[in-house]
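Colleague: Pasting final15.cif below, which is mmCIF, C-alpha atoms and all ligand atoms.
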```cif
data_run
loop_
_atom_site.label_atom_id
_atom_site.label_comp_id
_atom_site.auth_asym_id
_atom_site.auth_seq_id
_atom_site.Cartn_x
_atom_site.Cartn_y
_atom_site.Cartn_z
CA MET A 22 0.00 0.00 0.00
CA PRO A 23 1.34 3.48 -0.85
CA PRO A 24 2.03 5.92 2.01
CA LEU A 25 -0.99 7.69 3.48
CA THR A 26 0.16 10.98 1.93
CA GLU A 27 -0.14 9.37 -1.52
CA GLN A 28 -3.51 7.82 -0.78
CA HIS A 29 -4.95 11.15 0.35
CA GLY A 30 -3.67 14.07 -1.72
CA TRP A 31 -4.22 16.82 0.89
CA LEU A 32 -2.18 15.10 3.64
CA THR A 33 1.28 16.34 4.52
CA SER A 34 3.98 14.53 6.39
CA PRO A 35 4.24 13.51 9.19
CA VAL A 36 0.58 12.56 9.25
CA VAL A 37 -1.30 14.16 12.16
CA VAL A 38 -4.83 12.92 12.80
CA CYS A 39 -7.42 14.56 15.04
CA ALA A 40 -9.34 11.84 16.92
CA PRO A 41 -13.08 11.52 16.17
CA MET A 42 -13.98 12.70 19.67
CA ARG A 43 -17.70 12.18 20.14
CA LEU A 44 -19.67 15.43 19.82
CA ILE A 45 -16.40 17.40 20.28
CA ALA A 46 -14.75 16.89 16.90
CA LEU A 47 -17.48 18.28 14.68
CA PRO A 48 -17.28 19.61 11.09
CA GLN A 49 -15.41 22.80 11.92
CA LEU A 50 -12.57 21.02 13.74
CA ALA A 51 -12.40 18.17 11.23
CA VAL A 52 -12.17 20.50 8.22
CA GLU A 53 -9.64 22.82 9.91
CA VAL A 54 -7.38 19.85 10.62
CA SER A 55 -7.61 18.50 7.06
CA GLY A 56 -7.14 22.02 5.71
CA ALA A 57 -3.84 22.22 7.60
CA GLY A 58 -2.61 19.00 5.98
CA GLY A 59 -3.78 16.68 8.77
CA PHE A 60 -6.61 14.15 8.81
CA GLY A 61 -9.78 15.47 10.43
CA PHE A 62 -12.55 13.21 11.68
CA ILE A 63 -16.06 13.99 12.84
CA GLY A 64 -16.83 12.18 16.11
CA ALA A 65 -20.34 10.81 15.67
CA GLY A 66 -20.01 8.28 18.50
CA ASN A 67 -23.40 6.64 18.81
CA ASN A 68 -25.26 9.64 17.43
CA LEU A 69 -25.62 8.70 13.78
CA ASP A 70 -28.91 10.58 13.37
CA LYS A 71 -26.97 13.80 12.96
CA LEU A 72 -24.31 12.37 10.66
CA ASP A 73 -25.88 13.40 7.36
CA GLY A 74 -26.18 17.02 8.54
CA TRP A 75 -22.62 17.09 9.84
CA LEU A 76 -21.25 15.75 6.57
CA ARG A 77 -23.27 18.32 4.62
CA GLU A 78 -21.80 21.05 6.83
CA ALA A 79 -18.31 19.63 6.34
CA ALA A 80 -18.79 19.53 2.54
CA ASN A 81 -19.79 23.23 2.63
CA LEU A 82 -16.71 24.11 4.70
CA VAL A 83 -14.51 22.09 2.33
CA ASN A 84 -15.89 24.12 -0.56
CA ASP A 85 -14.68 27.29 1.18
CA HIS A 86 -11.13 25.96 1.37
CA SER A 87 -9.11 26.14 -1.85
CA ILE A 88 -6.86 23.06 -1.47
CA LEU A 89 -9.57 20.86 0.00
CA ARG A 90 -12.10 21.97 -2.60
CA MET A 91 -9.72 21.09 -5.44
CA GLN A 92 -9.11 17.73 -3.83
CA TYR A 93 -12.84 17.10 -3.39
CA GLU A 94 -13.67 18.12 -6.96
CA ALA A 95 -10.86 16.03 -8.43
CA THR A 96 -11.61 12.83 -6.52
CA GLY A 97 -15.23 13.02 -5.38
CA ILE A 98 -13.94 11.97 -1.95
CA LEU A 99 -14.70 14.26 1.00
CA PRO A 100 -11.28 14.98 2.58
CA ILE A 101 -12.29 14.12 6.14
CA GLY A 102 -13.52 10.99 7.90
CA PHE A 103 -16.07 10.18 10.56
CA GLY A 104 -15.88 7.86 13.55
CA TYR A 105 -18.57 5.89 15.39
CA PHE A 106 -18.94 3.29 18.09
CA ASN A 107 -19.71 -0.20 16.85
CA TRP A 108 -21.89 -0.89 19.85
CA ALA A 109 -24.64 1.21 18.34
CA PRO A 110 -27.66 -0.79 17.09
CA SER A 111 -27.90 -2.11 13.54
CA GLU A 112 -30.20 0.71 12.35
CA ASP A 113 -27.13 2.86 12.89
CA LEU A 114 -25.13 0.73 10.51
CA GLU A 115 -27.72 1.62 7.86
CA LYS A 116 -27.28 5.32 8.67
CA ALA A 117 -23.50 5.03 8.44
CA VAL A 118 -23.74 3.16 5.14
CA ALA A 119 -26.18 5.74 3.70
CA ALA A 120 -23.82 8.55 4.74
CA VAL A 121 -20.86 6.83 3.10
CA ARG A 122 -22.81 6.25 -0.12
CA LYS A 123 -23.93 9.89 -0.25
CA TRP A 124 -20.86 11.80 0.94
CA LYS A 125 -17.94 9.43 0.20
CA PRO A 126 -15.78 10.46 3.18
CA ALA A 127 -12.12 9.53 2.91
CA ALA A 128 -12.32 7.16 5.88
CA VAL A 129 -14.56 5.72 8.55
CA TRP A 130 -13.12 5.00 11.98
CA GLN A 131 -14.57 2.18 14.03
CA PHE A 132 -14.15 1.71 17.77
CA GLY A 133 -15.64 0.07 20.82
CA ALA A 134 -17.19 -3.10 19.36
CA HIS A 135 -18.49 -5.77 21.74
CA ASN A 136 -16.77 -8.36 19.55
CA ASN A 137 -14.33 -8.09 16.68
CA GLU A 138 -16.73 -9.70 14.16
CA ASP A 139 -18.82 -6.52 14.38
CA TYR A 140 -15.94 -4.52 12.94
CA ALA A 141 -15.73 -6.95 10.02
CA ASN A 142 -19.45 -6.79 9.34
CA TRP A 143 -19.60 -2.99 9.40
CA ALA A 144 -16.36 -2.67 7.39
CA GLU A 145 -17.69 -4.88 4.60
CA LYS A 146 -20.86 -2.79 4.25
CA ILE A 147 -18.86 0.46 4.29
CA ARG A 148 -16.59 -0.82 1.54
CA GLN A 149 -19.55 -1.89 -0.58
CA ALA A 150 -21.17 1.53 -0.16
CA SER A 151 -18.12 3.33 -1.53
CA ASP A 152 -16.70 0.74 -3.97
CA GLY A 153 -13.78 0.48 -1.56
CA ARG A 154 -12.90 4.18 -1.87
CA THR A 155 -13.74 5.03 1.74
CA LYS A 156 -10.89 3.61 3.79
CA VAL A 157 -11.54 1.51 6.88
CA TRP A 158 -9.75 2.56 10.07
CA ILE A 159 -10.19 0.59 13.30
CA GLN A 160 -8.87 1.61 16.71
CA ILE A 161 -7.51 -1.26 18.82
CA GLY A 162 -5.65 -1.40 22.14
CA SER A 163 -3.86 -4.75 22.26
CA VAL A 164 -1.62 -6.94 20.11
CA ALA A 165 -4.20 -9.76 20.13
CA ASP A 166 -6.98 -7.43 18.93
CA ALA A 167 -4.72 -5.94 16.25
CA VAL A 168 -4.10 -9.35 14.67
CA ASP A 169 -7.66 -10.60 15.17
CA VAL A 170 -9.27 -7.45 13.74
CA ALA A 171 -6.81 -7.36 10.84
CA ARG A 172 -7.70 -10.97 9.93
CA LEU A 173 -11.46 -10.65 10.40
CA ALA A 174 -12.01 -7.28 8.76
CA LYS A 175 -9.53 -7.80 5.93
CA PRO A 176 -8.49 -5.60 4.14
CA VAL A 177 -8.24 -3.09 6.98
CA ASP A 178 -6.52 0.04 5.69
CA VAL A 179 -5.41 1.53 9.01
CA LEU A 180 -5.17 0.30 12.58
CA VAL A 181 -5.09 3.05 15.16
CA VAL A 182 -2.95 1.63 17.95
CA GLN A 183 -4.26 3.15 21.16
CA GLY A 184 -2.04 3.00 24.23
CA THR A 185 -3.29 3.21 27.78
CA ASP A 186 -2.22 6.87 28.19
CA ALA A 187 -5.04 7.92 25.85
CA GLY A 188 -7.75 10.26 27.03
CA GLY A 189 -11.37 9.13 26.88
CA HIS A 190 -12.38 5.53 26.32
CA GLY A 191 -10.07 2.58 25.81
CA LEU A 192 -9.31 -0.85 27.21
CA ASP A 193 -9.23 -0.95 31.01
CA SER A 194 -5.85 -2.64 30.93
CA GLY A 195 -3.20 -2.15 28.30
CA ALA A 196 0.28 -0.98 27.45
CA GLY A 197 1.61 2.41 26.49
CA ILE A 198 2.52 2.90 22.84
CA ILE A 199 6.24 2.62 23.58
CA SER A 200 5.86 -1.16 23.68
CA LEU A 201 2.43 -1.59 22.05
CA LEU A 202 3.29 -0.01 18.70
CA PRO A 203 6.41 -2.06 17.90
CA GLU A 204 4.81 -5.27 19.16
CA VAL A 205 1.73 -4.69 16.98
CA ALA A 206 4.01 -3.90 14.00
CA ASP A 207 5.98 -7.14 14.56
CA ALA A 208 2.85 -9.24 15.03
CA LEU A 209 1.27 -7.92 11.81
CA HIS A 210 4.53 -8.47 9.97
CA ASN A 211 4.72 -12.07 11.21
CA ALA A 212 1.10 -12.64 10.21
CA GLY A 213 1.81 -11.40 6.65
CA MET A 214 -0.17 -8.18 7.12
CA ALA A 215 2.63 -5.61 7.27
CA ASP A 216 0.76 -3.63 4.61
CA ILE A 217 -1.68 -2.20 7.15
CA LYS A 218 -0.85 1.38 8.10
CA LEU A 219 -0.44 2.11 11.80
CA ILE A 220 -1.39 5.32 13.58
CA GLY A 221 -0.08 5.76 17.12
CA ALA A 222 -2.49 7.19 19.72
CA GLY A 223 -2.28 7.83 23.44
CA GLY A 224 -0.09 10.40 25.14
CA ILE A 225 1.15 12.15 21.98
CA MET A 226 0.81 15.89 22.46
CA ASP A 227 3.57 17.45 20.40
CA GLY A 228 6.42 16.99 17.96
CA ARG A 229 8.47 15.00 20.46
CA GLY A 230 5.78 12.36 20.93
CA THR A 231 5.18 12.33 17.19
CA ALA A 232 8.86 11.75 16.36
CA ALA A 233 8.95 8.96 18.95
CA ALA A 234 5.83 7.26 17.56
CA LEU A 235 7.28 7.32 14.04
CA MET A 236 10.42 5.65 15.39
CA LEU A 237 8.27 3.01 17.06
CA GLY A 238 6.78 2.02 13.71
CA ALA A 239 3.81 4.35 13.25
CA ASP A 240 2.88 5.82 9.85
CA GLY A 241 1.30 8.78 11.59
CA VAL A 242 -0.09 9.95 14.92
CA CYS A 243 -3.51 10.64 16.37
CA LEU A 244 -4.01 13.39 18.96
CA GLY A 245 -7.15 13.73 21.03
CA THR A 246 -6.36 15.55 24.26
CA ARG A 247 -4.26 18.20 22.52
CA PHE A 248 -7.14 19.13 20.20
CA LEU A 249 -9.47 19.60 23.19
CA ALA A 250 -7.53 22.84 23.64
CA SER A 251 -8.18 23.97 20.07
CA GLU A 252 -10.42 26.90 19.26
CA GLU A 253 -12.58 24.71 17.06
CA ALA A 254 -13.31 21.91 19.56
CA ALA A 255 -17.00 21.88 20.48
CA ILE A 256 -16.54 21.92 24.26
CA ALA A 257 -17.51 24.13 27.18
CA GLU A 258 -15.04 26.78 28.27
CA GLY A 259 -14.78 25.14 31.72
CA TYR A 260 -13.68 21.87 30.10
CA ARG A 261 -11.12 23.57 27.86
CA LYS A 262 -9.69 25.54 30.82
CA GLU A 263 -9.33 22.38 32.89
CA VAL A 264 -7.39 20.70 30.08
CA VAL A 265 -4.99 23.66 30.01
CA ARG A 266 -4.75 23.79 33.82
CA ALA A 267 -4.16 20.11 34.63
CA THR A 268 -0.59 18.87 34.93
CA ASP A 269 1.24 15.65 35.76
CA GLY A 270 -1.34 13.43 34.06
CA GLY A 271 0.10 10.17 35.37
CA ALA A 272 -0.80 11.28 38.87
CA ASN A 273 -3.82 13.45 38.13
CA THR A 274 -5.80 11.37 35.62
CA ALA A 275 -7.11 7.83 36.01
CA ARG A 276 -8.82 5.13 33.98
CA THR A 277 -12.17 4.61 35.67
CA LYS A 278 -15.80 3.73 35.05
CA VAL A 279 -17.10 6.19 37.59
CA TYR A 280 -17.41 9.10 35.17
CA ASP A 281 -19.36 6.97 32.67
CA LYS A 282 -21.70 5.82 35.42
CA LEU A 283 -22.36 9.36 36.58
CA ARG A 284 -22.95 10.52 33.01
CA GLY A 285 -25.25 7.59 32.30
CA THR A 286 -23.09 6.24 29.46
CA THR A 287 -23.35 2.59 30.34
CA LEU A 288 -23.46 0.84 26.95
CA TRP A 289 -19.70 0.46 26.59
CA PRO A 290 -18.40 -3.13 26.52
CA GLU A 291 -17.26 -4.31 29.97
CA LYS A 292 -13.55 -4.26 29.09
CA TYR A 293 -13.60 -0.49 28.35
CA ASN A 294 -13.30 2.37 30.79
CA ALA A 295 -12.21 5.96 30.26
CA ARG A 296 -9.39 8.24 31.34
CA GLY A 297 -10.21 11.60 32.86
CA VAL A 298 -8.75 14.24 35.16
CA LEU A 299 -9.36 13.49 38.85
CA ASN A 300 -12.07 15.58 40.48
CA LYS A 301 -14.46 15.45 43.44
CA SER A 302 -16.68 12.80 41.82
CA PHE A 303 -13.66 10.51 41.60
CA TYR A 304 -12.32 11.20 45.09
CA ASP A 305 -15.74 10.82 46.75
CA ASP A 306 -16.31 7.53 44.96
CA LYS A 307 -12.92 6.31 46.21
CA SER A 308 -13.61 7.34 49.76
CA GLY A 309 -16.84 5.37 49.87
CA MET A 310 -19.63 7.88 49.14
CA THR A 311 -22.76 6.07 47.94
CA PHE A 312 -23.30 6.22 44.21
CA GLU A 313 -26.71 7.82 44.73
CA GLU A 314 -25.23 10.72 46.71
CA ASN A 315 -22.38 11.13 44.24
CA GLN A 316 -24.89 11.14 41.39
CA ARG A 317 -27.00 13.78 43.12
CA LEU A 318 -23.99 16.05 43.63
CA HIS A 319 -22.83 15.46 40.06
CA ASP A 320 -26.24 16.35 38.65
CA GLU A 321 -26.29 19.53 40.78
CA ALA A 322 -22.83 20.46 39.45
CA MET A 323 -24.06 19.97 35.89
CA LYS A 324 -26.26 23.04 36.43
CA GLN A 325 -23.29 25.23 37.43
CA GLY A 326 -21.87 25.65 33.95
CA ASP A 327 -18.16 26.33 33.54
CA SER A 328 -17.38 26.39 37.27
CA GLY A 329 -18.50 22.74 37.51
CA TRP A 330 -15.20 21.58 35.97
CA GLY A 331 -11.89 21.47 37.82
CA VAL A 332 -10.30 19.58 40.66
CA ASP A 333 -12.93 20.89 43.07
CA GLY A 334 -15.68 20.38 40.53
CA ARG A 335 -17.68 17.30 39.59
CA ILE A 336 -18.15 17.47 35.82
CA THR A 337 -16.02 15.04 33.80
CA THR A 338 -12.86 16.17 32.05
CA TYR A 339 -11.95 13.25 29.80
CA ALA A 340 -8.26 13.71 28.94
CA GLY A 341 -5.07 11.66 28.67
CA THR A 342 -1.88 11.44 30.72
CA GLY A 343 -0.26 13.97 28.41
CA VAL A 344 -2.60 16.72 29.56
CA GLY A 345 0.24 18.54 31.36
CA LEU A 346 1.90 19.19 28.01
CA VAL A 347 -1.12 21.16 26.79
CA LYS A 348 -0.31 24.74 27.74
CA SER A 349 -2.63 26.96 25.75
CA VAL A 350 -5.61 27.06 23.45
CA MET A 351 -4.56 27.29 19.81
CA LYS A 352 -6.16 27.14 16.39
CA ALA A 353 -6.34 23.54 15.16
CA GLU A 354 -4.41 24.56 12.06
CA ASP A 355 -1.54 25.86 14.20
CA ILE A 356 -1.51 22.69 16.31
CA VAL A 357 -1.13 20.50 13.21
CA LYS A 358 1.62 22.68 11.75
CA GLU A 359 3.53 23.07 15.03
CA VAL A 360 3.45 19.32 15.70
CA GLN A 361 4.65 18.54 12.18
CA ARG A 362 7.41 21.16 12.24
CA ASP A 363 8.69 20.15 15.68
CA ALA A 364 8.61 16.45 14.85
CA MET A 365 10.67 17.03 11.72
CA SER A 366 13.24 19.15 13.55
CA ARG A 367 13.55 16.50 16.29
CA LEU A 368 14.06 13.79 13.69
CA ARG A 369 16.65 15.86 11.82
CA LEU A 370 18.48 16.63 15.06
CA ALA A 371 18.52 12.97 16.06
CA ALA A 372 19.87 11.99 12.63
CA LYS A 373 22.69 14.58 12.93
CA GLN A 374 23.72 13.22 16.31
CA GLN A 375 24.39 9.73 14.88
C1 LIG A 401 -12.55 13.69 25.09
C2 LIG A 401 -12.21 12.51 24.25
C3 LIG A 401 -13.21 11.90 23.51
C4 LIG A 401 -12.91 10.79 22.73
N1 LIG A 401 -13.89 10.23 21.97
C5 LIG A 401 -13.61 9.23 21.12
C6 LIG A 401 -14.59 8.74 20.23
O1 LIG A 401 -15.73 9.21 20.21
N2 LIG A 401 -14.26 7.73 19.39
C7 LIG A 401 -13.00 7.20 19.37
O2 LIG A 401 -12.74 6.31 18.58
N3 LIG A 401 -12.04 7.64 20.23
C8 LIG A 401 -12.31 8.65 21.08
N4 LIG A 401 -11.34 9.13 21.91
C9 LIG A 401 -10.02 8.47 21.95
C10 LIG A 401 -9.16 8.92 20.79
O3 LIG A 401 -9.56 8.22 19.64
C11 LIG A 401 -7.66 8.65 20.97
O4 LIG A 401 -7.41 7.30 21.17
C12 LIG A 401 -7.03 9.43 22.13
O5 LIG A 401 -7.54 10.73 22.24
C13 LIG A 401 -5.54 9.48 21.95
O6 LIG A 401 -4.91 9.82 23.14
P1 LIG A 401 -4.62 11.32 23.65
O7 LIG A 401 -5.95 11.78 24.18
O8 LIG A 401 -3.61 11.12 24.68
O9 LIG A 401 -4.20 12.11 22.47
C14 LIG A 401 -11.60 10.26 22.69
C15 LIG A 401 -10.60 10.91 23.42
C16 LIG A 401 -10.88 12.02 24.18
C17 LIG A 401 -9.77 12.71 24.94
#
```
If you took the structure in this file and wrote it as structure tokens, what would it be?
Ligand SMILES: Cc1cc2nc3c(=O)[nH]c(=O)nc-3n(C[C@H](O)[C@H](O)[C@H](O)COP(=O)(O)O)c2cc1C
Modeller:
Amino acid sequence: MPPLTEQHGWLTSPVVVCAPMRLIALPQLAVEVSGAGGFGFIGAGNNLDKLDGWLREAANLVNDHSILRMQYEATGILPIGFGYFNWAPSEDLEKAVAAVRKWKPAAVWQFGAHNNEDYANWAEKIRQASDGRTKVWIQIGSVADAVDVARLAKPVDVLVVQGTDAGGHGLDSGAGIISLLPEVADALHNAGMADIKLIGAGGIMDGRGTAAALMLGADGVCLGTRFLASEEAAIAEGYRKEVVRATDGGANTARTKVYDKLRGTTLWPEKYNARGVLNKSFYDDKSGMTFEENQRLHDEAMKQGDSGWGVDGRITTYAGTGVGLVKSVMKAEDIVKEVQRDAMSRLRLAAKQQ
């Protein structure tokens, strides 16, 4: 398979992807990222009712952007992707397929299936709907899942290799990308599937993490937490501020189910939980407060608006261990370009030192 930059004419190297963060990465963020030479995704999550409207909005924004418009007109492929959770019911598969047939996005990103066969089933229908032109990306978090998903959903175009440092949802136990990425690369190579492109995700915030992931065998990187502090992310100001404030993510974030329970998001497969910044909801749960009381206080805090976030707040700040490296809110375009520039200068410097 040719490099991702050859498969998708607007991409520049090194490939920087913005994660399809549910209801946070919407058309504006996705198109800004692609417009800067990255790969933008709309995060539909389990909300596929709105997908058609989001893709229409993205197509309009693409038409306002000279490079993306040229790309779109020349190929008929919308230069962004969308992501969804495979635990959504089968009517949602029909909505995803209809959206692919109509809008021909460059990629769909699958995540969170109850079993790996579901990825294969959805991937086949997506390919049929686009004559194979919409690429299939699947996010996995273990070596075993990488090989199993690659075999079942063949031909998978991209595996997003998510390490345990990642913000938001992921496997409750797993490795960081420093060992996960090379082990996945070796396992796919040994299984005769070295053709699959790998995107590293989890803890990558800047050019240093990007350069490291490329050295570990990735063809590109995916950033989620960093883009929470972009101007285009669809999040509350209190959330964005907390992402910029929090430091030392190994100590001040945790993988837990408590935030999901409080938010009422309980359809995730058992083996998933989510990483977020520690706050009062977390500490009270740990110190034995009943769930009912914690829920009551959480629901009260939800009415407070921006002041409900923070270490003394109760509203969830999903974010990864790299949160301490996020220092300011920037335009998504500037994040992509800064990460690319810094990664290249790190790589050049390392080469000189040999
Ligand atoms: C707030 C938030 C929401 C997320 N939502 C989704 C999602 O809807 N679908 C998905 O596949 N991944 C989602 N992720 C995980 C990302 O795909 C990715 O693995 C992660 O952000 C990478 O780690 P990082 O946050 O350290 O950059 C989310 C991550 C965050 C931080």
Colleague: All residues within 9 Å of ligand LIG 401 (chain A) are required, counting all atoms listed in the file; please report them as a ChimeraX atom specification.
Modeller: /A:39-46,63-67,104-106,130-133,159-162,181-191,221-226,242-249,295-297,338-344
Colleague: Leaving out A:Asp227 and any residue of its chain fewer than 6 positions from it, which residues lie within 12 Å of it when counting only C-alpha atoms, given as an MDAnalysis selection string?
Modeller: chainID A and resid 35 37 233:234 242:248 343:348 355:367
Colleague: Emit the selected residues as a JSON list (two decimals), keeping the file's coordinate frame, including C-alpha atoms.
Modeller:
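See part_24.json below for the written result:
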```
[["chain", "number", "residue", "atom", "x", "y", "z"],
["A", 35, "PRO", "CA", 4.24, 13.51, 9.19],
["A", 37, "VAL", "CA", -1.30, 14.16, 12.16],
["A", 233, "ALA", "CA", 8.95, 8.96, 18.95],
["A", 234, "ALA", "CA", 5.83, 7.26, 17.56],
["A", 242, "VAL", "CA", -0.09, 9.95, 14.92],
["A", 243, "CYS", "CA", -3.51, 10.64, 16.37],
["A", 244, "LEU", "CA", -4.01, 13.39, 18.96],
["A", 245, "GLY", "CA", -7.15, 13.73, 21.03],
["A", 246, "THR", "CA", -6.36, 15.55, 24.26],
["A", 247, "ARG", "CA", -4.26, 18.20, 22.52],
["A", 248, "PHE", "CA", -7.14, 19.13, 20.20],
["A", 343, "GLY", "CA", -0.26, 13.97, 28.41],
["A", 344, "VAL", "CA", -2.60, 16.72, 29.56],
["A", 345, "GLY", "CA", 0.24, 18.54, 31.36],
["A", 346, "LEU", "CA", 1.90, 19.19, 28.01],
["A", 347, "VAL", "CA", -1.12, 21.16, 26.79],
["A", 348, "LYS", "CA", -0.31, 24.74, 27.74],
["A", 355, "ASP", "CA", -1.54, 25.86, 14.20],
["A", 356, "ILE", "CA", -1.51, 22.69, 16.31],
["A", 357, "VAL", "CA", -1.13, 20.50, 13.21],
["A", 358, "LYS", "CA", 1.62, 22.68, 11.75],
["A", 359, "GLU", "CA", 3.53, 23.07, 15.03],
["A", 360, "VAL", "CA", 3.45, 19.32, 15.70],
["A", 361, "GLN", "CA", 4.65, 18.54, 12.18],
["A", 362, "ARG", "CA", 7.41, 21.16, 12.24],
["A", 363, "ASP", "CA", 8.69, 20.15, 15.68],
["A", 364, "ALA", "CA", 8.61, 16.45, 14.85],
["A", 365, "MET", "CA", 10.67, 17.03, 11.72],
["A", 366, "SER", "CA", 13.24, 19.15, 13.55],
["A", 367, "ARG", "CA", 13.55, 16.50, 16.29]]
```
Colleague: Starting from the point (-4.3, -2.9, 27.5), work out which residues of protein, DNA or RNA have an atom no more than 7 Å away when counting only C-alpha atoms; state them as a VMD selection string.
Modeller: chain A and resid 162 to 163 185 192 to 196
Colleague: Ranking A:Met351, A:Leu47, A:Val121, A:Phe303 by minimum distance to A:Ala250 and counting all atoms listed in the file, which one comes first?
Modeller: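 Looking only at the distances to A:Ala250, the closest residue turns out to be A:Met351.
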Colleague: Between atom CA of A:Pro290 and atom CA of A:Asn136, what is the distance, to one decimal in Å?
Modeller: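 Pair atom CA of A:Pro290 / atom CA of A:Asn136 returns 8.9 Å.
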Colleague: Contacts of A:Glu115 at 12 Å or less, counting all atoms listed in the file, minus same-chain residues fewer than 5 places along, as a count of residues only?
Modeller: 14
Colleague: Name the residues within 12 Å of (-4.5, 11.0, -2.6), counting all atoms listed in the file in the file's coordinates, and put them as an NGL selection string.
Modeller: :A and (23-33 or 58 or 89 or 91-93 or 95-100 or 127 or 154-156)
Colleague: Could you tell me how far atom CA of A:Ile101 lies from atom CA of A:Phe62, in Å and to one decimal?
Modeller: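 About the pair atom CA of A:Ile101 and atom CA of A:Phe62: they are 5.6 Å apart.
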Colleague: Choose the residue, out of A:Glu145, A:Glu138, A:Glu253, A:Asp281, that has the smallest atom-to-atom separation from A:Tyr293; count all atoms listed in the file.
Modeller: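 Closest to A:Tyr293 of all the choices is A:Asp281.
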Colleague: Residues within 9 Å of A:Glu263, please, as a list in words. Count only C-alpha atoms; anything in the same chain fewer than 2 positions from it doesn't count.
Modeller: Glu258, Gly259, Tyr260, Arg261, Val265, Arg266, Ala267, Val298, Trp330, Gly331, Val332 and Thr338 of chain A
Colleague: Quick one: axis-aligned box around all listed atoms of stretch 295-304 of chain A, 6 Å on every side, centre and edge lengths in Å to one decimal, written as lines of an AutoDock Vina configuration file.
Modeller:
```
center_x = -12.7
center_y = 10.8
center_z = 37.7
size_x = 19.9
size_y = 21.6
size_z = 26.8
```
Colleague: Counting all atoms listed in the file, which of A:Ile336, A:Leu82, A:Ala275, A:Leu209 gets nearest to A:Leu180?
Modeller: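 Going through A:Ile336, A:Leu82, A:Ala275, A:Leu209 one by one, the smallest distance to A:Leu180 is for A:Leu209.
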Colleague: Quick one: residues within 8 Å of A:Leu202, only C-alpha atoms, excluding same-chain residues fewer than 3 positions away - as a PyMOL selection string?
Modeller: chain A and resi 182+198-199+205-206+221+234+237-239
Colleague: How many Å lie between atom CA of A:Lys292 and atom CA of A:Arg276, rounded to one decimal?
Modeller: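 Value for the atom CA of A:Lys292-atom CA of A:Arg276 distance: 11.6 Å.
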Colleague: Kindly indicate which residue among A:Ser251, A:Gln374, A:Ser308, A:Ser151 lies nearest to A:Gln49, using only C-alpha atoms for the distances.
Modeller: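 Looking only at the distances to A:Gln49, the closest residue turns out to be A:Ser251.
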Colleague: Return the single residue from A:Pro203, A:Pro126, A:Asp320, A:Met22 that is closest to A:Pro176, with distances computed using only C-alpha atoms.
Modeller: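 Selected residue with least distance to A:Pro176: A:Met22.
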